[in-house]
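Heads up, final.txt below (compact mmCIF, C-alpha atoms and all ligand atoms):
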# COMPACT_ATOMS: atom_id res chain seq x y z
CA SER U 56 14.45 162.70 141.20
CA PRO U 57 17.10 160.32 139.88
CA SER U 58 19.73 161.22 137.33
CA ILE U 59 19.09 159.75 133.88
CA ARG U 60 21.98 159.44 131.45
CA VAL U 61 22.38 157.93 127.99
CA ALA U 62 25.67 156.20 127.13
CA GLN U 63 28.05 158.36 125.13
CA HIS U 64 27.80 155.97 122.17
CA ALA U 65 24.44 154.24 121.80
CA GLY U 66 21.94 153.27 119.18
CA VAL U 67 22.16 153.00 115.43
CA CYS U 68 25.60 153.00 113.92
CA PHE U 69 26.60 154.99 110.86
CA GLY U 70 25.89 152.12 108.45
CA VAL U 71 22.43 151.26 109.72
CA LYS U 72 21.43 154.92 109.92
CA ARG U 73 22.54 155.31 106.32
CA ALA U 74 20.52 152.23 105.24
CA LEU U 75 17.41 153.61 106.96
CA GLU U 76 17.88 156.92 105.17
CA GLU U 77 18.24 155.13 101.84
CA ALA U 78 14.98 153.28 102.52
CA SER U 79 13.20 156.55 103.39
CA LYS U 80 14.36 158.07 100.12
CA VAL U 81 13.07 155.09 98.14
CA LEU U 82 9.76 155.21 100.04
CA ALA U 83 9.38 158.93 99.38
CA GLU U 84 9.65 158.28 95.65
CA GLN U 85 7.15 155.34 95.82
CA ASP U 86 7.98 154.23 92.33
CA GLY U 87 6.63 150.68 91.98
CA SER U 88 6.90 147.92 94.57
CA ILE U 89 9.60 148.11 97.24
CA HIS U 90 11.33 145.25 99.03
CA THR U 91 14.25 144.91 101.40
CA LEU U 92 16.32 141.76 101.10
CA GLY U 93 15.92 140.47 104.64
CA GLU U 94 14.86 142.70 107.50
CA LEU U 95 16.58 146.03 107.00
CA ILE U 96 17.41 146.21 110.70
CA HIS U 97 16.94 143.84 113.64
CA ASN U 98 14.16 145.85 115.13
CA PRO U 99 10.55 144.63 114.95
CA ARG U 100 9.02 148.06 115.34
CA VAL U 101 11.07 149.62 112.58
CA VAL U 102 10.41 146.64 110.29
CA GLN U 103 6.68 147.03 110.97
CA ASP U 104 6.81 150.78 110.27
CA LEU U 105 8.63 150.15 107.00
CA GLU U 106 6.08 147.49 106.06
CA GLN U 107 3.24 149.94 106.69
CA GLN U 108 4.91 152.53 104.53
CA GLY U 109 5.23 150.00 101.73
CA ALA U 110 8.68 148.42 102.06
CA HIS U 111 8.14 144.66 102.33
CA VAL U 112 10.62 142.06 103.48
CA ALA U 113 11.72 139.52 100.86
CA HIS U 114 13.75 136.53 101.95
CA SER U 115 15.29 135.89 98.56
CA VAL U 116 15.69 137.64 95.22
CA ASP U 117 13.33 135.08 93.61
CA GLU U 118 10.43 136.37 95.69
CA VAL U 119 10.64 139.79 94.07
CA LYS U 120 9.07 140.14 90.65
CA ASP U 121 9.64 143.83 89.97
CA GLY U 122 10.34 147.22 91.45
CA THR U 123 13.10 148.19 93.87
CA LEU U 124 15.19 145.90 96.03
CA ILE U 125 17.10 147.45 98.91
CA ILE U 126 20.25 145.68 100.09
CA ARG U 127 20.83 146.23 103.78
CA ALA U 128 23.92 147.42 105.63
CA HIS U 129 25.29 143.87 106.12
CA GLY U 130 25.73 143.56 102.37
CA VAL U 131 25.23 140.47 100.20
CA ALA U 132 27.40 138.27 98.03
CA PRO U 133 28.12 139.88 94.64
CA GLN U 134 26.33 136.92 93.03
CA VAL U 135 23.12 137.86 94.83
CA LYS U 136 23.31 141.49 93.74
CA GLN U 137 24.01 140.31 90.18
CA ALA U 138 20.97 138.01 90.25
CA ALA U 139 18.77 140.91 91.30
CA GLU U 140 20.10 143.10 88.50
CA ASP U 141 19.72 140.26 85.99
CA ALA U 142 16.09 139.91 87.09
CA GLY U 143 15.57 143.55 86.06
CA LEU U 144 15.15 144.88 89.60
CA HIS U 145 16.21 148.37 90.56
CA VAL U 146 18.84 147.63 93.19
CA VAL U 147 19.54 150.17 95.92
CA ASP U 148 22.71 148.98 97.60
CA ALA U 149 22.80 150.22 101.20
CA THR U 150 25.79 148.07 102.12
CA CYS U 151 27.76 149.87 104.83
CA PRO U 152 31.01 151.25 103.38
CA PHE U 153 32.90 149.49 106.19
CA VAL U 154 31.42 146.15 105.13
CA LYS U 155 32.27 146.98 101.51
CA ARG U 156 35.85 147.42 102.64
CA VAL U 157 35.91 143.89 104.11
CA GLN U 158 34.45 142.52 100.88
CA ASP U 159 37.04 144.38 98.78
CA HIS U 160 39.96 143.10 100.86
CA ALA U 161 38.64 139.55 100.73
CA ARG U 162 38.28 139.78 96.95
CA SER U 163 41.75 141.18 96.38
CA LEU U 164 43.37 138.62 98.70
CA TYR U 165 41.54 135.85 96.88
CA LYS U 166 42.58 137.19 93.47
CA GLY U 167 46.12 137.57 94.78
CA GLY U 168 46.31 133.85 95.43
CA TYR U 169 45.93 133.90 99.19
CA GLN U 170 43.91 131.36 101.07
CA VAL U 171 41.32 133.67 102.61
CA VAL U 172 40.31 133.24 106.24
CA ILE U 173 37.30 135.16 107.51
CA VAL U 174 37.21 135.59 111.26
CA GLY U 175 33.50 135.63 112.01
CA GLU U 176 30.28 133.80 112.57
CA ALA U 177 29.42 131.25 109.85
CA GLY U 178 25.95 131.79 108.45
CA HIS U 179 25.77 135.45 109.46
CA PRO U 180 24.59 137.51 106.47
CA GLU U 181 27.63 139.79 106.54
CA VAL U 182 29.95 136.77 106.51
CA GLU U 183 27.96 135.15 103.70
CA GLY U 184 28.44 138.29 101.64
CA ILE U 185 32.20 138.32 102.26
CA LEU U 186 32.39 134.63 101.45
CA GLY U 187 30.75 135.31 98.09
CA CYS U 188 33.61 137.69 97.21
CA THR U 189 35.95 134.70 97.28
CA ASP U 190 33.63 132.53 95.16
CA GLY U 191 32.78 130.65 98.34
CA LYS U 192 36.39 129.53 98.79
CA ALA U 193 37.27 131.34 102.02
CA CYS U 194 37.41 129.47 105.32
CA ILE U 195 35.35 130.87 108.17
CA VAL U 196 36.70 130.54 111.68
CA SER U 197 34.99 131.86 114.78
CA SER U 198 37.87 131.22 117.18
CA ALA U 199 41.53 130.18 117.37
CA GLN U 200 40.54 126.63 118.31
CA GLU U 201 39.08 126.15 114.84
CA VAL U 202 42.35 127.00 113.14
CA GLU U 203 43.82 123.61 113.98
CA PHE U 204 41.20 121.88 111.80
CA LEU U 205 42.01 123.97 108.74
CA ASP U 206 43.95 122.79 105.77
CA ILE U 207 46.45 125.62 105.70
CA SER U 208 48.28 126.75 102.59
CA SER U 209 51.52 128.70 102.81
CA ARG U 210 49.98 132.11 102.09
CA VAL U 211 47.02 133.09 104.20
CA GLY U 212 45.03 136.33 103.99
CA VAL U 213 42.80 137.31 106.89
CA VAL U 214 39.79 139.61 107.04
CA VAL U 215 37.40 139.94 109.95
CA GLN U 216 33.66 140.46 110.34
CA THR U 217 33.10 144.09 111.39
CA THR U 218 31.54 143.21 114.75
CA GLN U 219 34.25 140.85 116.03
CA THR U 220 36.56 141.73 118.91
CA SER U 221 40.22 142.52 118.35
CA LYS U 222 41.09 139.96 121.03
CA ASN U 223 39.54 137.20 118.95
CA LEU U 224 41.24 138.42 115.78
CA ARG U 225 44.62 138.43 117.53
CA GLU U 226 44.13 134.88 118.83
CA VAL U 227 43.21 133.58 115.39
CA VAL U 228 46.17 135.35 113.78
CA ASP U 229 48.53 133.92 116.43
CA ALA U 230 47.24 130.42 115.70
CA LEU U 231 47.65 130.95 111.95
CA LEU U 232 51.20 132.23 112.37
CA LEU U 233 52.15 128.91 113.90
CA ARG U 234 51.09 127.15 110.73
CA ALA U 235 51.51 129.39 107.68
CA ARG U 236 54.61 130.94 106.17
CA GLU U 237 52.88 134.19 105.25
CA VAL U 238 49.90 135.71 107.03
CA ARG U 239 48.49 138.96 105.67
CA VAL U 240 45.92 140.57 107.95
CA PHE U 241 43.37 143.31 107.34
CA ASP U 242 41.86 144.48 110.58
CA THR U 243 38.40 145.28 109.27
CA ILE U 244 36.70 145.53 112.67
CA CYS U 245 34.35 148.51 112.88
CA SER U 246 34.85 150.71 115.94
CA ALA U 247 31.09 151.26 116.40
CA THR U 248 30.61 148.00 118.30
CA ASN U 249 33.55 148.51 120.60
CA GLU U 250 32.65 152.14 121.28
CA ARG U 251 29.12 151.14 122.28
CA GLN U 252 30.35 148.34 124.52
CA GLU U 253 32.96 150.52 126.27
CA ALA U 254 30.50 153.37 126.77
CA ALA U 255 27.85 150.96 128.11
CA ARG U 256 30.30 149.37 130.56
CA ALA U 257 31.52 152.75 131.80
CA LEU U 258 28.00 154.08 132.32
CA ALA U 259 26.57 150.88 133.86
CA ALA U 260 29.38 150.85 136.43
CA THR U 261 28.03 154.12 137.83
CA CYS U 262 24.33 153.18 137.75
CA ASP U 263 21.92 151.29 140.00
CA LEU U 264 19.47 150.76 137.14
CA MET U 265 20.46 150.20 133.55
CA LEU U 266 18.08 149.86 130.60
CA VAL U 267 19.30 148.31 127.36
CA ILE U 268 17.00 149.04 124.43
CA GLY U 269 16.91 146.87 121.33
CA GLY U 270 15.36 143.93 119.51
CA ARG U 271 15.44 140.62 121.38
CA ASN U 272 16.76 139.08 118.17
CA SER U 273 19.62 141.57 118.00
CA GLY U 274 22.91 139.92 118.91
CA ASN U 275 24.70 143.16 119.65
CA THR U 276 21.91 144.31 121.98
CA ARG U 277 22.11 141.06 123.92
CA ARG U 278 25.86 141.51 124.21
CA LEU U 279 25.35 145.04 125.57
CA PHE U 280 22.93 143.58 128.09
CA GLN U 281 25.53 141.07 129.31
CA ILE U 282 28.23 143.72 129.61
CA CYS U 283 25.96 146.00 131.62
CA HIS U 284 24.56 143.17 133.73
CA ASP U 285 28.10 142.18 134.75
CA VAL U 286 28.68 145.55 136.39
CA CYS U 287 25.10 146.54 137.24
CA PRO U 288 22.92 143.61 138.38
CA CYS U 289 19.78 145.70 137.96
CA THR U 290 19.94 145.72 134.15
CA TYR U 291 16.90 145.12 131.93
CA HIS U 292 16.66 144.46 128.20
CA ILE U 293 13.60 146.15 126.74
CA GLU U 294 12.32 146.51 123.20
CA ASP U 295 9.90 149.27 123.98
CA ALA U 296 9.35 152.09 126.48
CA ARG U 297 6.04 150.47 127.47
CA GLU U 298 7.94 147.58 129.06
CA ILE U 299 9.41 149.81 131.75
CA ASP U 300 8.10 148.71 135.13
CA PRO U 301 7.75 151.67 137.53
CA LYS U 302 8.92 149.33 140.30
CA TRP U 303 12.41 149.16 138.72
CA VAL U 304 12.63 152.91 138.82
CA ALA U 305 11.19 153.40 142.31
CA CYS U 306 14.41 153.21 144.28
CA ALA U 307 16.96 153.99 141.57
CA SER U 308 19.02 157.12 141.91
CA ASN U 309 21.30 156.71 138.90
CA ILE U 310 19.62 155.42 135.78
CA GLY U 311 21.61 154.62 132.67
CA ILE U 312 20.38 153.92 129.15
CA THR U 313 22.06 152.32 126.20
CA ALA U 314 20.76 150.88 122.96
CA GLY U 315 21.85 148.34 120.39
CA ALA U 316 23.10 149.23 116.94
CA SER U 317 19.63 148.59 115.55
CA THR U 318 17.76 150.99 117.81
CA PRO U 319 16.79 154.30 116.20
CA GLN U 320 17.08 157.52 118.18
CA GLY U 321 13.27 157.82 118.33
CA GLN U 322 13.05 154.72 120.55
CA ILE U 323 15.75 156.06 122.88
CA ASP U 324 13.79 159.33 123.14
CA ASP U 325 10.61 157.40 123.99
CA VAL U 326 12.36 155.65 126.86
CA LEU U 327 13.78 158.94 128.11
CA SER U 328 10.39 160.65 128.16
CA THR U 329 8.71 157.64 129.80
CA LEU U 330 11.35 157.64 132.54
CA LYS U 331 10.94 161.36 133.08
CA GLN U 332 7.19 160.90 133.43
CA ILE U 333 7.58 158.10 135.96
CA THR U 334 10.16 159.93 138.05
CA SER U 335 8.68 163.41 138.07
FE1 LIG J 1 28.76 149.56 109.34
FE2 LIG J 1 30.01 149.32 111.60
FE3 LIG J 1 27.45 149.62 111.57
S1 LIG J 1 30.35 148.14 109.79
S2 LIG J 1 26.78 148.71 109.69
S3 LIG J 1 28.96 151.12 110.91
S4 LIG J 1 28.56 148.32 112.95
Give the structure from this file in structure tokens form.
Amino acid sequence: SPSIRVAQHAGVCFGVKRALEEASKVLAEQDGSIHTLGELIHNPRVVQDLEQQGAHVAHSVDEVKDGTLIIRAHGVAPQVKQAAEDAGLHVVDATCPFVKRVQDHARSLYKGGYQVVIVGEAGHPEVEGILGCTDGKACIVSSAQEVEFLDISSRVGVVVQTTQTSKNLREVVDALLLRAREVRVFDTICSATNERQEAARALAATCDLMLVIGGRNSGNTRRLFQICHDVCPCTYHIEDAREIDPKWVACASNIGITAGASTPQGQIDDVLSTLKQITS
């Protein structure tokens, strides 16, 4: 039977795991109505499970009349958290400490008179939260090319969305250095993304079948898929163990598994046991 290996780093990161644990605690107490502000994690099955247990998804603070509101790992703008508290909600802030760190640096740069540049994806919830820490004044750039369109002041402070690559950060900083007198940079990239990508690439390179588990709406899962597909053409993105086609497995001798940052361990275990059943 084939060898089956899971990438050394795979699945939920520290921050998401922590947010899920916070939600479980709130659910165990079941004190009044429970909402998460946005889907707690980009994983349909987990969101459904949470819903069944009584944690509903709210798309804005206004939708929630009472009870507990859980803020997810991505964080929110301080104004949003304030609005929830002003509305009398019990706020459970599950913002990842690494995201908090980006927010804190952005705030202190802004207060220190720097023009804040956020390297990241405009519109992404994490970036929106960071933006709020600068009263909406920060500029968001996704790549070095965008720097040339910025109105640059002489003192620029840079923070970066946790999931960006250091290559992109470096390119943006290089472009800024050509234009500003002072550039202060906080490298706020979280190693979880990079670790998962490196581990996936290393494993996929030694496999003839690679399965990438995670929500189809999860950006980081799709990125893992691309990375694996580049080195292992027989790579499939699945959300669920039931999607595994025995035909994929039939002639594989080295099977690798990885999972996006929004895939709980339970789903990885399901895939492992399904594969073992098929191959035994
Ligand atoms: Fe936090 Fe890093 Fe995950 S910032 S939410 S541990 S990807």
I'd like the box whose edges run along x, y and z of the file and which contains every listed atom of ligand LIG 1 (chain J), padded by 8 Å per side; could you state its centre and edge lengths in Å, one decimal, as JSON?
{"center_x": 28.6, "center_y": 149.6, "center_z": 111.1, "size_x": 19.6, "size_y": 19.0, "size_z": 19.6}
Practice problem: List all protein, DNA and RNA residues that have at least one atom no more than 6 Å from any atom of ligand LIG 1 (chain J), counting all atoms listed in the file, and write them as a PyMOL selection string. | Solution: chain U and resi 68-71+128+151+153-154+217+245+247-248
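You can rank U:Thr91, U:Leu258, U:Arg60, U:Asp104 by their closest distance to Val116 in chain U using all atoms listed in the file, and at the top of that list sits U:Thr91.
Closest approach to Glu201 in chain U from the set U:Val182, U:Ile173, U:Val146, U:Ala254 is made by U:Ile173, with distances taken over only C-alpha atoms.
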Practice problem: Just give me the residues with any atom within 6 Å of (39.7, 140.0, 103.0), file coordinates, counting only C-alpha atoms, written as a ChimeraX atom specification. | Solution: /U:157,160-161,164,213-214
Selection file, C-alpha atoms, as a PDB file, in the frame of the given file:
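Output saved as part26.pdb:
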ATOM      1  CA  VAL U 157      35.910 143.890 104.110  1.00  0.00           C
ATOM      2  CA  HIS U 160      39.960 143.100 100.860  1.00  0.00           C
ATOM      3  CA  ALA U 161      38.640 139.550 100.730  1.00  0.00           C
ATOM      4  CA  LEU U 164      43.370 138.620  98.700  1.00  0.00           C
ATOM      5  CA  VAL U 213      42.800 137.310 106.890  1.00  0.00           C
ATOM      6  CA  VAL U 214      39.790 139.610 107.040  1.00  0.00           C
TER       7      VAL U 214
END
Exercise. Please identify all polymer residues within 12 Å of Arg277 in chain U, counting only C-alpha atoms, omitting same-chain residues fewer than 5 positions from it, and present them as a PyMOL selection string.
Key: chain U and resi 97+252+266-272+282-284+290-294+313-317
Could you write out the selected residues, including C-alpha atoms, as a short mmCIF file (atom, residue, chain, number, x, y, z; two decimals), in the coordinates of the input?
data_model
loop_
_atom_site.label_atom_id
_atom_site.label_comp_id
_atom_site.auth_asym_id
_atom_site.auth_seq_id
_atom_site.Cartn_x
_atom_site.Cartn_y
_atom_site.Cartn_z
CA HIS U 97 16.94 143.84 113.64
CA GLN U 252 30.35 148.34 124.52
CA LEU U 266 18.08 149.86 130.60
CA VAL U 267 19.30 148.31 127.36
CA ILE U 268 17.00 149.04 124.43
CA GLY U 269 16.91 146.87 121.33
CA GLY U 270 15.36 143.93 119.51
CA ARG U 271 15.44 140.62 121.38
CA ASN U 272 16.76 139.08 118.17
CA ILE U 282 28.23 143.72 129.61
CA CYS U 283 25.96 146.00 131.62
CA HIS U 284 24.56 143.17 133.73
CA THR U 290 19.94 145.72 134.15
CA TYR U 291 16.90 145.12 131.93
CA HIS U 292 16.66 144.46 128.20
CA ILE U 293 13.60 146.15 126.74
CA GLU U 294 12.32 146.51 123.20
CA THR U 313 22.06 152.32 126.20
CA ALA U 314 20.76 150.88 122.96
CA GLY U 315 21.85 148.34 120.39
CA ALA U 316 23.10 149.23 116.94
CA SER U 317 19.63 148.59 115.55
#
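For the residues U:Ile125, U:Val172, U:Leu224, U:Leu186, ranking by smallest atom-to-atom distance to Val81 in chain U using only C-alpha atoms places U:Ile125 first.
Between CA of Asp263 in chain U and CA of Ala305 in chain U there is a distance of 11.2 Å.
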Exercise. Determine, counting all atoms listed in the file, which protein, DNA and RNA residues have an atom within 12 Å of an atom of range 227-235 of chain U; residues of the same chain fewer than 3 positions away are not included. Present the result as a PyMOL selection string.
Key: chain U and resi 169-175+195-215+219-224+238-242
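One distance worth recording is that between CA of Gln134 in chain U and CA of Arg156 in chain U, which is 17.1 Å.
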Exercise. Could you jot down the CA of Ser163 in chain U to CA of Thr218 in chain U separation for me, Å, one decimal place?
Key: 21.1 Å
Could you list as a short mmCIF file (atom, residue, chain, number, x, y, z; two decimals) with C-alpha atoms, keeping the file's coordinate frame every residue that has an atom within 9 Å of (17.2, 149.5, 141.7), using the file's coordinates and counting all atoms listed in the file?
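And here's selection_2.cif as it stands now:
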data_model
loop_
_atom_site.label_atom_id
_atom_site.label_comp_id
_atom_site.auth_asym_id
_atom_site.auth_seq_id
_atom_site.Cartn_x
_atom_site.Cartn_y
_atom_site.Cartn_z
CA CYS U 262 24.33 153.18 137.75
CA ASP U 263 21.92 151.29 140.00
CA LEU U 264 19.47 150.76 137.14
CA MET U 265 20.46 150.20 133.55
CA PRO U 288 22.92 143.61 138.38
CA CYS U 289 19.78 145.70 137.96
CA THR U 290 19.94 145.72 134.15
CA LYS U 302 8.92 149.33 140.30
CA TRP U 303 12.41 149.16 138.72
CA VAL U 304 12.63 152.91 138.82
CA ALA U 305 11.19 153.40 142.31
CA CYS U 306 14.41 153.21 144.28
CA ALA U 307 16.96 153.99 141.57
CA SER U 308 19.02 157.12 141.91
CA ASN U 309 21.30 156.71 138.90
CA ILE U 310 19.62 155.42 135.78
#
